[in-house]
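**Student:** Hey, dropping data21.cif in here, mmCIF, C-alpha atoms and all ligand atoms:
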```cif
data_protein
#
loop_
_atom_site.group_PDB
_atom_site.id
_atom_site.type_symbol
_atom_site.label_atom_id
_atom_site.label_comp_id
_atom_site.auth_asym_id
_atom_site.auth_seq_id
_atom_site.Cartn_x
_atom_site.Cartn_y
_atom_site.Cartn_z
ATOM 1 C CA MET A 1 0.000 0.000 0.000
ATOM 2 C CA LYS A 2 1.362 3.438 -0.993
ATOM 3 C CA LYS A 3 0.776 6.164 1.570
ATOM 4 C CA ILE A 4 0.336 9.802 0.717
ATOM 5 C CA MET A 5 0.442 12.963 2.784
ATOM 6 C CA MET A 6 -2.158 15.562 1.805
ATOM 7 C CA ILE A 7 -1.508 19.233 2.454
ATOM 8 C CA GLY A 8 -4.910 20.918 2.754
ATOM 9 C CA PHE A 9 -8.364 19.549 3.465
ATOM 10 C CA GLY A 10 -10.536 21.744 1.242
ATOM 11 C CA ALA A 11 -12.636 21.112 -1.856
ATOM 12 C CA MET A 12 -9.872 19.586 -3.964
ATOM 13 C CA ALA A 13 -8.280 17.450 -1.254
ATOM 14 C CA LYS A 14 -11.670 15.936 -0.371
ATOM 15 C CA GLU A 15 -12.398 15.173 -4.040
ATOM 16 C CA VAL A 16 -8.981 13.529 -4.459
ATOM 17 C CA ILE A 17 -9.436 11.419 -1.327
ATOM 18 C CA LYS A 18 -12.855 10.247 -2.585
ATOM 19 C CA ARG A 19 -11.270 9.083 -5.846
ATOM 20 C CA LEU A 20 -7.970 7.602 -4.623
ATOM 21 C CA PRO A 21 -6.991 4.559 -6.688
ATOM 22 C CA GLU A 22 -6.798 1.116 -5.137
ATOM 23 C CA GLY A 23 -3.438 0.603 -3.476
ATOM 24 C CA VAL A 24 -3.097 4.216 -2.292
ATOM 25 C CA SER A 25 -4.239 5.506 1.087
ATOM 26 C CA VAL A 26 -3.924 8.722 3.077
ATOM 27 C CA GLY A 27 -1.548 8.481 6.019
ATOM 28 C CA TRP A 28 -1.326 12.131 7.019
ATOM 29 C CA VAL A 29 -3.218 15.369 6.440
ATOM 30 C CA VAL A 30 -1.468 18.675 7.059
ATOM 31 C CA ALA A 31 -4.101 21.245 7.994
ATOM 32 C CA ARG A 32 -4.802 23.982 10.497
ATOM 33 C CA PRO A 33 -6.162 22.768 13.894
ATOM 34 C CA PRO A 34 -9.830 23.746 13.260
ATOM 35 C CA HIS A 35 -9.925 21.047 10.529
ATOM 36 C CA HIS A 36 -8.429 18.261 12.650
ATOM 37 C CA GLN A 37 -11.666 16.958 14.153
ATOM 38 C CA ASP A 38 -13.310 16.815 10.715
ATOM 39 C CA ILE A 39 -10.255 14.978 9.325
ATOM 40 C CA GLN A 40 -10.306 12.349 12.096
ATOM 41 C CA GLN A 41 -14.076 11.907 11.831
ATOM 42 C CA THR A 42 -13.993 11.573 8.039
ATOM 43 C CA LEU A 43 -10.840 9.493 7.639
ATOM 44 C CA GLY A 44 -10.543 7.675 10.978
ATOM 45 C CA ASN A 45 -7.828 7.562 13.601
ATOM 46 C CA GLU A 46 -5.378 5.683 11.377
ATOM 47 C CA VAL A 47 -4.796 9.001 9.646
ATOM 48 C CA GLN A 48 -2.653 11.589 11.416
ATOM 49 C CA ALA A 49 -4.014 15.158 11.303
ATOM 50 C CA ILE A 50 -0.990 17.417 11.797
ATOM 51 C CA GLU A 51 -0.068 21.082 11.599
ATOM 52 C CA HIS A 52 3.336 20.547 9.998
ATOM 53 C CA PRO A 53 4.900 17.679 8.004
ATOM 54 C CA SER A 54 7.650 17.460 10.648
ATOM 55 C CA LEU A 55 5.047 15.987 13.040
ATOM 56 C CA ALA A 56 4.466 12.959 10.817
ATOM 57 C CA GLN A 57 5.332 9.515 12.127
ATOM 58 C CA GLY A 58 6.828 7.667 9.152
ATOM 59 C CA SER A 59 7.541 8.766 5.569
ATOM 60 C CA PRO A 60 5.021 9.260 2.773
ATOM 61 C CA ASP A 61 5.482 7.911 -0.763
ATOM 62 C CA LEU A 62 4.132 11.230 -2.056
ATOM 63 C CA VAL A 63 3.207 14.588 -0.566
ATOM 64 C CA LEU A 64 0.259 16.087 -2.424
ATOM 65 C CA GLU A 65 -0.155 19.816 -1.949
ATOM 66 C CA CYS A 66 -3.820 20.775 -2.467
ATOM 67 C CA ALA A 67 -3.895 23.888 -0.293
ATOM 68 C CA SER A 68 -2.517 27.260 -1.419
ATOM 69 C CA GLN A 69 0.558 29.081 -2.670
ATOM 70 C CA LYS A 70 1.153 30.077 0.945
ATOM 71 C CA ALA A 71 1.318 26.413 1.935
ATOM 72 C CA VAL A 72 4.004 25.828 -0.717
ATOM 73 C CA HIS A 73 6.013 28.648 0.900
ATOM 74 C CA GLU A 74 5.461 27.196 4.367
ATOM 75 C CA PHE A 75 6.146 23.499 3.748
ATOM 76 C CA GLY A 76 7.676 22.964 0.285
ATOM 77 C CA GLU A 77 11.335 23.320 1.145
ATOM 78 C CA TRP A 78 11.022 21.277 4.334
ATOM 79 C CA VAL A 79 9.399 18.402 2.423
ATOM 80 C CA LEU A 80 12.049 18.363 -0.327
ATOM 81 C CA ASN A 81 14.834 18.645 2.231
ATOM 82 C CA ARG A 82 13.620 15.291 3.579
ATOM 83 C CA GLY A 83 14.098 13.788 0.116
ATOM 84 C CA TRP A 84 10.317 13.273 -0.250
ATOM 85 C CA LYS A 85 8.347 13.595 -3.503
ATOM 86 C CA LEU A 86 6.228 16.739 -3.623
ATOM 87 C CA ALA A 87 3.431 17.249 -6.173
ATOM 88 C CA LEU A 88 2.173 20.826 -6.430
ATOM 89 C CA ILE A 89 -1.248 22.034 -7.502
ATOM 90 C CA SER A 90 -0.682 25.628 -6.307
ATOM 91 C CA THR A 91 1.938 26.019 -9.022
ATOM 92 C CA GLY A 92 1.645 29.812 -8.982
ATOM 93 C CA ALA A 93 3.930 29.735 -5.929
ATOM 94 C CA LEU A 94 6.772 29.074 -8.385
ATOM 95 C CA ALA A 95 6.290 32.572 -9.802
ATOM 96 C CA ASP A 96 8.357 33.601 -6.765
ATOM 97 C CA GLU A 97 11.846 33.156 -8.238
ATOM 98 C CA SER A 98 13.575 32.898 -4.888
ATOM 99 C CA LEU A 99 11.215 30.163 -3.622
ATOM 100 C CA PHE A 100 11.474 28.278 -6.917
ATOM 101 C CA SER A 101 15.266 28.239 -6.811
ATOM 102 C CA ARG A 102 15.277 27.133 -3.143
ATOM 103 C CA LEU A 103 12.899 24.268 -3.985
ATOM 104 C CA GLN A 104 15.049 23.205 -6.944
ATOM 105 C CA GLN A 105 18.159 23.358 -4.788
ATOM 106 C CA ALA A 106 16.498 21.224 -2.092
ATOM 107 C CA GLU A 107 15.312 18.756 -4.745
ATOM 108 C CA ARG A 108 18.850 18.402 -6.149
ATOM 109 C CA THR A 109 20.636 18.223 -2.800
ATOM 110 C CA HIS A 110 18.347 15.691 -1.152
ATOM 111 C CA GLN A 111 17.198 13.651 -4.175
ATOM 112 C CA GLY A 112 13.590 14.660 -3.595
ATOM 113 C CA GLU A 113 11.260 15.248 -6.521
ATOM 114 C CA LEU A 114 9.238 18.349 -7.353
ATOM 115 C CA ILE A 115 6.260 17.517 -9.576
ATOM 116 C CA VAL A 116 4.148 20.164 -11.309
ATOM 117 C CA LEU A 117 0.654 18.710 -11.708
ATOM 118 C CA SER A 118 -1.049 19.543 -15.004
ATOM 119 C CA GLY A 119 -4.086 20.652 -12.988
ATOM 120 C CA ALA A 120 -7.077 22.152 -14.775
ATOM 121 C CA VAL A 121 -5.506 22.172 -18.264
ATOM 122 C CA ALA A 122 -4.449 19.689 -20.913
ATOM 123 C CA GLY A 123 -1.695 19.764 -23.491
ATOM 124 C CA MET A 124 1.236 20.376 -21.138
ATOM 125 C CA ASP A 125 3.145 17.430 -22.654
ATOM 126 C CA GLY A 126 2.812 18.921 -26.160
ATOM 127 C CA LEU A 127 3.757 22.383 -24.944
ATOM 128 C CA ALA A 128 6.886 21.057 -23.254
ATOM 129 C CA SER A 129 7.796 19.159 -26.438
ATOM 130 C CA ALA A 130 7.197 22.281 -28.548
ATOM 131 C CA ARG A 131 9.572 24.231 -26.275
ATOM 132 C CA GLU A 132 12.418 21.928 -27.318
ATOM 133 C CA GLY A 133 12.223 23.331 -30.870
ATOM 134 C CA GLY A 134 11.713 26.948 -29.765
ATOM 135 C CA LEU A 135 8.439 28.728 -29.010
ATOM 136 C CA ASP A 136 7.624 32.185 -30.407
ATOM 137 C CA SER A 137 4.518 32.944 -28.370
ATOM 138 C CA VAL A 138 2.157 31.414 -25.823
ATOM 139 C CA THR A 139 -1.112 33.021 -24.787
ATOM 140 C CA TYR A 140 -3.332 31.603 -22.053
ATOM 141 C CA THR A 141 -6.881 32.825 -21.419
ATOM 142 C CA SER A 142 -8.987 31.860 -18.422
ATOM 143 C CA ASN A 143 -12.739 32.434 -18.741
ATOM 144 C CA LYS A 144 -14.937 31.806 -15.716
ATOM 145 C CA SER A 145 -18.275 32.771 -14.193
ATOM 146 C CA PRO A 146 -18.610 35.699 -11.764
ATOM 147 C CA ALA A 147 -18.919 33.185 -8.883
ATOM 148 C CA SER A 148 -15.502 31.794 -9.757
ATOM 149 C CA TRP A 149 -13.841 35.195 -9.407
ATOM 150 C CA ARG A 150 -15.507 36.185 -6.099
ATOM 151 C CA GLY A 151 -13.052 36.829 -3.310
ATOM 152 C CA SER A 152 -10.291 37.689 -5.809
ATOM 153 C CA PRO A 153 -8.922 41.117 -6.857
ATOM 154 C CA ALA A 154 -11.314 40.866 -9.851
ATOM 155 C CA GLU A 155 -13.938 42.251 -7.465
ATOM 156 C CA LYS A 156 -12.117 45.585 -7.540
ATOM 157 C CA LEU A 157 -11.657 45.608 -11.314
ATOM 158 C CA VAL A 158 -15.155 44.709 -12.454
ATOM 159 C CA ASP A 159 -18.644 44.749 -10.953
ATOM 160 C CA LEU A 160 -19.137 40.986 -10.681
ATOM 161 C CA ASN A 161 -22.764 41.327 -9.540
ATOM 162 C CA ASN A 162 -23.947 43.414 -12.450
ATOM 163 C CA ILE A 163 -21.976 42.512 -15.578
ATOM 164 C CA THR A 164 -24.033 41.501 -18.609
ATOM 165 C CA GLN A 165 -21.182 40.916 -21.118
ATOM 166 C CA PRO A 166 -17.868 39.039 -20.869
ATOM 167 C CA VAL A 167 -15.040 41.319 -19.707
ATOM 168 C CA VAL A 168 -11.255 40.809 -19.820
ATOM 169 C CA PHE A 169 -10.184 42.426 -16.540
ATOM 170 C CA PHE A 170 -6.503 41.433 -16.562
ATOM 171 C CA GLU A 171 -3.909 41.171 -19.306
ATOM 172 C CA GLY A 172 -0.270 40.706 -18.406
ATOM 173 C CA SER A 173 2.445 38.169 -17.709
ATOM 174 C CA ALA A 174 1.940 34.743 -16.157
ATOM 175 C CA ARG A 175 4.073 35.862 -13.212
ATOM 176 C CA ASP A 176 1.797 38.809 -12.444
ATOM 177 C CA ALA A 177 -1.369 36.754 -12.965
ATOM 178 C CA ALA A 178 -0.224 33.946 -10.655
ATOM 179 C CA GLN A 179 0.892 36.355 -7.934
ATOM 180 C CA GLN A 180 -2.065 38.720 -8.104
ATOM 181 C CA PHE A 181 -4.681 35.933 -8.345
ATOM 182 C CA PRO A 182 -3.175 33.165 -6.174
ATOM 183 C CA ALA A 183 -6.424 31.195 -5.847
ATOM 184 C CA ASN A 184 -7.439 31.550 -9.506
ATOM 185 C CA ALA A 185 -4.486 31.685 -11.879
ATOM 186 C CA ASN A 186 -2.201 28.776 -11.015
ATOM 187 C CA VAL A 187 -2.800 27.442 -14.516
ATOM 188 C CA ALA A 188 -1.097 30.565 -15.883
ATOM 189 C CA ALA A 189 2.051 29.502 -14.010
ATOM 190 C CA THR A 190 1.752 25.876 -15.142
ATOM 191 C CA VAL A 191 1.501 26.949 -18.787
ATOM 192 C CA ALA A 192 4.486 29.276 -18.284
ATOM 193 C CA LEU A 193 6.606 26.565 -16.643
ATOM 194 C CA MET A 194 5.925 24.128 -19.494
ATOM 195 C CA GLY A 195 6.333 26.762 -22.206
ATOM 196 C CA ILE A 196 8.206 30.072 -22.492
ATOM 197 C CA GLY A 197 8.402 31.134 -18.891
ATOM 198 C CA MET A 198 6.659 33.415 -16.422
ATOM 199 C CA ASP A 199 7.551 36.722 -18.083
ATOM 200 C CA ASN A 200 7.001 35.798 -21.738
ATOM 201 C CA THR A 201 3.655 34.020 -21.404
ATOM 202 C CA THR A 202 0.724 36.353 -22.064
ATOM 203 C CA VAL A 203 -2.277 35.838 -19.797
ATOM 204 C CA LYS A 204 -5.818 37.140 -20.097
ATOM 205 C CA LEU A 205 -8.325 36.691 -17.291
ATOM 206 C CA ARG A 206 -11.951 37.019 -18.293
ATOM 207 C CA VAL A 207 -15.277 36.923 -16.500
ATOM 208 C CA ASP A 208 -18.322 35.735 -18.410
ATOM 209 C CA PRO A 209 -21.812 36.049 -16.908
ATOM 210 C CA ASN A 210 -23.133 33.526 -19.461
ATOM 211 C CA THR A 211 -20.997 30.553 -18.465
ATOM 212 C CA SER A 212 -20.945 28.090 -15.614
ATOM 213 C CA ARG A 213 -17.736 26.452 -16.835
ATOM 214 C CA ASN A 214 -14.052 27.165 -16.337
ATOM 215 C CA THR A 215 -12.681 27.556 -19.846
ATOM 216 C CA HIS A 216 -8.929 27.426 -20.404
ATOM 217 C CA THR A 217 -7.592 28.389 -23.839
ATOM 218 C CA ILE A 218 -3.969 28.050 -24.878
ATOM 219 C CA HIS A 219 -2.524 29.316 -28.134
ATOM 220 C CA ALA A 220 1.102 28.397 -28.804
ATOM 221 C CA ALA A 221 3.246 29.036 -31.872
ATOM 222 C CA GLY A 222 6.830 28.054 -32.650
ATOM 223 C CA THR A 223 9.125 25.969 -34.806
ATOM 224 C CA PHE A 224 6.809 22.966 -34.389
ATOM 225 C CA GLY A 225 3.847 24.853 -35.904
ATOM 226 C CA GLU A 226 0.870 26.083 -33.921
ATOM 227 C CA PHE A 227 -1.724 24.705 -31.528
ATOM 228 C CA HIS A 228 -4.908 25.969 -30.011
ATOM 229 C CA ILE A 229 -6.492 24.144 -27.112
ATOM 230 C CA GLU A 230 -9.811 24.999 -25.525
ATOM 231 C CA LEU A 231 -10.823 23.064 -22.456
ATOM 232 C CA ASN A 232 -14.277 23.594 -20.979
ATOM 233 C CA GLY A 233 -13.997 22.308 -17.444
ATOM 234 C CA ASN A 234 -16.769 21.653 -14.953
ATOM 235 C CA PRO A 235 -16.031 23.341 -11.630
ATOM 236 C CA LEU A 236 -16.189 21.301 -8.456
ATOM 237 C CA PRO A 237 -19.671 21.719 -6.912
ATOM 238 C CA THR A 238 -17.930 22.556 -3.620
ATOM 239 C CA ASN A 239 -15.693 25.313 -5.065
ATOM 240 C CA PRO A 240 -16.607 27.177 -8.282
ATOM 241 C CA LYS A 241 -13.013 28.478 -8.594
ATOM 242 C CA THR A 242 -11.615 24.965 -8.939
ATOM 243 C CA SER A 243 -12.003 22.734 -11.980
ATOM 244 C CA THR A 244 -12.765 19.043 -11.502
ATOM 245 C CA LEU A 245 -9.894 18.152 -13.857
ATOM 246 C CA ALA A 246 -7.414 19.725 -11.426
ATOM 247 C CA ALA A 247 -8.459 17.250 -8.727
ATOM 248 C CA LEU A 248 -8.312 14.436 -11.278
ATOM 249 C CA SER A 249 -4.722 15.375 -12.177
ATOM 250 C CA ALA A 250 -3.801 14.771 -8.533
ATOM 251 C CA VAL A 251 -5.638 11.438 -8.574
ATOM 252 C CA GLN A 252 -3.639 10.508 -11.674
ATOM 253 C CA ALA A 253 -0.378 11.320 -9.882
ATOM 254 C CA CYS A 254 -1.475 8.898 -7.152
ATOM 255 C CA ARG A 255 -2.286 6.237 -9.729
ATOM 256 C CA ARG A 256 1.253 6.550 -11.112
ATOM 257 C CA LEU A 257 2.513 5.542 -7.647
ATOM 258 C CA VAL A 258 0.960 2.107 -8.129
ATOM 259 C CA ASP A 259 0.987 1.716 -11.925
ATOM 260 C CA GLY A 260 4.399 3.249 -12.629
ATOM 261 C CA GLY A 261 5.033 5.944 -15.205
ATOM 262 C CA LEU A 262 3.962 4.113 -18.387
ATOM 263 C CA VAL A 263 0.949 6.319 -19.006
ATOM 264 C CA ALA A 264 1.831 9.986 -18.622
HETATM 265 N N1 LIG B 301 -3.048 24.186 -10.841
HETATM 266 C C1 LIG B 301 -4.336 24.168 -11.079
HETATM 267 O O1 LIG B 301 -4.778 23.840 -12.192
HETATM 268 C C2 LIG B 301 -5.315 24.536 -10.023
HETATM 269 C C3 LIG B 301 -4.891 24.929 -8.775
HETATM 270 N N2 LIG B 301 -5.806 25.207 -7.791
HETATM 271 C C4 LIG B 301 -5.306 25.545 -6.461
HETATM 272 O O2 LIG B 301 -5.466 24.412 -5.630
HETATM 273 C C5 LIG B 301 -5.525 24.807 -4.262
HETATM 274 C C6 LIG B 301 -6.644 24.061 -3.533
HETATM 275 O O3 LIG B 301 -7.881 24.348 -4.115
HETATM 276 P P1 LIG B 301 -9.241 24.060 -3.329
HETATM 277 O O4 LIG B 301 -9.143 22.820 -2.540
HETATM 278 O O5 LIG B 301 -10.324 24.170 -4.317
HETATM 279 O O6 LIG B 301 -9.284 25.296 -2.320
HETATM 280 P P2 LIG B 301 -10.093 25.381 -0.939
HETATM 281 O O7 LIG B 301 -10.077 26.821 -0.572
HETATM 282 O O8 LIG B 301 -11.403 24.688 -1.050
HETATM 283 O O9 LIG B 301 -9.208 24.545 0.085
HETATM 284 C C7 LIG B 301 -7.906 24.872 0.421
HETATM 285 C C8 LIG B 301 -7.613 24.231 1.770
HETATM 286 O O10 LIG B 301 -6.224 24.329 2.009
HETATM 287 C C9 LIG B 301 -6.036 24.826 3.313
HETATM 288 N N3 LIG B 301 -4.824 25.644 3.402
HETATM 289 C C10 LIG B 301 -4.511 26.720 2.656
HETATM 290 N N4 LIG B 301 -3.333 27.225 3.029
HETATM 291 C C11 LIG B 301 -2.892 26.433 4.047
HETATM 292 C C12 LIG B 301 -1.727 26.451 4.844
HETATM 293 N N5 LIG B 301 -0.800 27.371 4.661
HETATM 294 N N6 LIG B 301 -1.604 25.510 5.819
HETATM 295 C C13 LIG B 301 -2.551 24.573 6.005
HETATM 296 N N7 LIG B 301 -3.693 24.508 5.259
HETATM 297 C C14 LIG B 301 -3.848 25.429 4.297
HETATM 298 C C15 LIG B 301 -7.252 25.661 3.627
HETATM 299 O O11 LIG B 301 -7.382 25.700 5.034
HETATM 300 P P3 LIG B 301 -8.155 26.866 5.848
HETATM 301 O O12 LIG B 301 -9.594 26.509 5.732
HETATM 302 O O13 LIG B 301 -7.586 26.672 7.228
HETATM 303 O O14 LIG B 301 -7.773 28.160 5.205
HETATM 304 C C16 LIG B 301 -8.355 24.885 2.914
HETATM 305 O O15 LIG B 301 -8.899 23.889 3.741
HETATM 306 C C17 LIG B 301 -5.673 26.332 -4.315
HETATM 307 O O16 LIG B 301 -4.412 26.947 -4.144
HETATM 308 C C18 LIG B 301 -6.121 26.593 -5.741
HETATM 309 O O17 LIG B 301 -5.807 27.885 -6.178
HETATM 310 C C19 LIG B 301 -7.146 25.066 -8.010
HETATM 311 C C20 LIG B 301 -7.590 24.681 -9.245
HETATM 312 C C21 LIG B 301 -6.718 24.450 -10.351
HETATM 313 O O1 LIG B 302 -9.393 25.236 -11.605
HETATM 314 C C1 LIG B 302 -9.241 26.122 -12.436
HETATM 315 O O2 LIG B 302 -10.051 26.298 -13.368
HETATM 316 C C2 LIG B 302 -8.029 26.996 -12.443
HETATM 317 C C3 LIG B 302 -7.628 27.591 -11.191
HETATM 318 O O3 LIG B 302 -8.368 27.688 -10.241
HETATM 319 C C4 LIG B 302 -6.258 28.091 -11.122
HETATM 320 O O4 LIG B 302 -5.622 28.230 -12.171
HETATM 321 O O5 LIG B 302 -5.801 28.367 -10.001
#
```
Reformat the file's structure so that it appears as structure tokens.
**Tutor:**
Amino acid sequence: MKKIMMIGFGAMAKEVIKRLPEGVSVGWVVARPPHHQDIQQTLGNEVQAIEHPSLAQGSPDLVLECASQKAVHEFGEWVLNRGWKLALISTGALADESLFSRLQQAERTHQGELIVLSGAVAGMDGLASAREGGLDSVTYTSNKSPASWRGSPAEKLVDLNNITQPVVFFEGSARDAAQQFPANANVAATVALMGIGMDNTTVKLRVDPNTSRNTHTIHAAGTFGEFHIELNGNPLPTNPKTSTLAALSAVQACRRLVDGGLVA
């Protein structure tokens, strides 16, 4: 049995736990104390609810971060310094150059592994392949409902309660998008990491009152040719910001623990 450590016990973590493949179980959940009772009641006393990975008894086969960019800052380096495997969903944390280089250093020094989950988008394998031949431009657009942007800085840029037409309220680099919208634009960072980087990837964030889906569009051009991907994702019923596919990408990472890396 492979044992994973979850960081976070919100909408995505709960969805991942529900869908864990056979042969994988949760050994530890890192969460703030108010969640501990819920964790023990839901998952039983075999699972350790802890405030920090250092409190874990034993070693996980994989640490799955499903929490926040802040959590990557708080725990990422510690986990990699132990030589553990760390899969990130809050990939926007890597827009912080200093954190990214510390995580890479820890990964190299301690033979840990830093995994960027593909999350809510598809096509990251093709984008990474295209990069090998040289990419001229990559543009990523995120289009979501007003509910998906609530609680983000979009509230100050557009009247989410009264819009009648789609509005692009942010256009800039992937680095700025990921840092200014930490709970909404991690995909911008993922696309940047797989393609032409945080400063050269153009990002547009758009609110659309006529959609209930999270639509991710990537346009990439380079030596390989050109591709255009549009992915219309269903949000999780428990969090309209978060696409179901993002949780499924974490489930797939768990499946690779038992099935090996044959199917990427
Ligand atoms: N890469 C991608 O494609 C995608 C990435 N995401 C990212 O995934 C993450 C999880 O999403 P989701 O589950 O829907 O979000 P939720 O807000 O539903 O849950 C996040 C949970 O993580 C906990 N958490 C956050 N920071 C910390 C911390 N520093 N220490 C301990 N616990 C922490 C929160 O605890 P508390 O209640 O105590 O605050 C909360 O329970 C988010 O960062 C989101 O932006 C989401 C979708 C796609
Ligand atoms: O789930 C999504 O649609 C994307 C998302 O929240 C993010 O990029 O942070």
**Student:** Any idea what's packed within 9 Å of Leu257 in chain A, counting all atoms listed in the file, ignoring anything in its chain fewer than 2 positions away? Could you give it as an MDAnalysis selection string?
**Tutor:** chainID A and resid 2 23:24 61:62 252:255 259:261
**Student:** Kindly compile the residues surrounding ligand LIG 301 (chain B) within 6 Å, counting all atoms listed in the file, and format them as an mmCIF file with C-alpha atoms, in the coordinates of the input.
**Tutor:**
```
data_model
loop_
_atom_site.group_PDB
_atom_site.id
_atom_site.type_symbol
_atom_site.label_atom_id
_atom_site.label_comp_id
_atom_site.auth_asym_id
_atom_site.auth_seq_id
_atom_site.Cartn_x
_atom_site.Cartn_y
_atom_site.Cartn_z
ATOM 1 C CA GLY A 8 -4.910 20.918 2.754
ATOM 2 C CA PHE A 9 -8.364 19.549 3.465
ATOM 3 C CA GLY A 10 -10.536 21.744 1.242
ATOM 4 C CA ALA A 11 -12.636 21.112 -1.856
ATOM 5 C CA MET A 12 -9.872 19.586 -3.964
ATOM 6 C CA ALA A 13 -8.280 17.450 -1.254
ATOM 7 C CA ALA A 31 -4.101 21.245 7.994
ATOM 8 C CA ARG A 32 -4.802 23.982 10.497
ATOM 9 C CA CYS A 66 -3.820 20.775 -2.467
ATOM 10 C CA ALA A 67 -3.895 23.888 -0.293
ATOM 11 C CA SER A 68 -2.517 27.260 -1.419
ATOM 12 C CA GLN A 69 0.558 29.081 -2.670
ATOM 13 C CA LYS A 70 1.153 30.077 0.945
ATOM 14 C CA ALA A 71 1.318 26.413 1.935
ATOM 15 C CA ILE A 89 -1.248 22.034 -7.502
ATOM 16 C CA SER A 90 -0.682 25.628 -6.307
ATOM 17 C CA THR A 91 1.938 26.019 -9.022
ATOM 18 C CA GLY A 119 -4.086 20.652 -12.988
ATOM 19 C CA ALA A 120 -7.077 22.152 -14.775
ATOM 20 C CA PRO A 182 -3.175 33.165 -6.174
ATOM 21 C CA ALA A 183 -6.424 31.195 -5.847
ATOM 22 C CA ASN A 184 -7.439 31.550 -9.506
ATOM 23 C CA ASN A 186 -2.201 28.776 -11.015
ATOM 24 C CA VAL A 187 -2.800 27.442 -14.516
ATOM 25 C CA ASN A 239 -15.693 25.313 -5.065
ATOM 26 C CA THR A 242 -11.615 24.965 -8.939
ATOM 27 C CA SER A 243 -12.003 22.734 -11.980
ATOM 28 C CA ALA A 246 -7.414 19.725 -11.426
#
```
**Student:** Written as a list of chain:residue names, what is the full residue list that the PyMOL selection byres (((chain A and resi 53-60) around 9) and not hetatm) yields on the file shown?
**Tutor:**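 Residues picked by the PyMOL selection byres (((chain A and resi 53-60) around 9) and not hetatm): A:Lys2, A:Lys3, A:Ile4, A:Met5, A:Ile7, A:Val26, A:Gly27, A:Trp28, A:Val29, A:Val30, A:Gln48, A:Ala49, A:Ile50, A:Glu51, A:His52, A:Asp61, A:Leu62, A:Val63, A:Phe75, A:Trp78, A:Val79, A:Trp84, A:Lys85.
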**Student:** Which residue is closest to Ile218 in chain A? Choose from A:Thr190, A:Ser152, A:Ser145, A:Gln104 and count all atoms listed in the file.
**Tutor:**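 Using all atoms listed in the file, Ile218 in chain A sits closest to A:Thr190.
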**Student:** Using only C-alpha atoms, which of the listed residues (A:Pro33, A:Met194, A:Pro237, A:Asp38) sits closest to Leu127 in chain A?
**Tutor:**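 Closest candidate: A:Met194.
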**Student:** Go ahead and compute the interatomic distance for CA of Ser129 in chain A and CA of Ala192 in chain A, in Å to one decimal.
**Tutor:** 13.4 Å
**Student:** Produce the centre coordinates and the three edge lengths, each in Å to one decimal, of the box along x, y and z that contains all listed atoms of ligand LIG 302 (chain B) with 5 Å added on each side, as lines of an AutoDock Vina configuration file.
**Tutor:**
```
center_x = -7.8
center_y = 26.8
center_z = -11.7
size_x = 14.4
size_y = 13.1
size_z = 13.4
```
**Student:** Could you check which of A:Gln37, A:Asn234, A:Thr109, A:Thr201 is closest to ligand LIG 302 (chain B), using only C-alpha atoms and all ligand atoms?
**Tutor:** A:Asn234
**Student:** Report the residues retrieved by the PyMOL selection byres (((chain A and resi 204-208) around 10) and not hetatm) from the displayed file, expressed as a count of residues only.
**Tutor:** 42
**Student:** What gap, in Å, lies between CA of Gly123 in chain A and CA of Gly233 in chain A?
**Tutor:** 13.9 Å
**Student:** Could you please determine the separation between CA of Ala247 in chain A and CA of Leu64 in chain A in Å, to one decimal place?
**Tutor:** 10.8 Å
**Student:** Can you pull out every residue within 6 Å of Ala128 in chain A, counting all atoms listed in the file, but drop anything in the same chain fewer than 2 positions away, and send it as JSON, numbers by chain?
**Tutor:** {"A": [125, 126, 130, 131, 194, 195]}
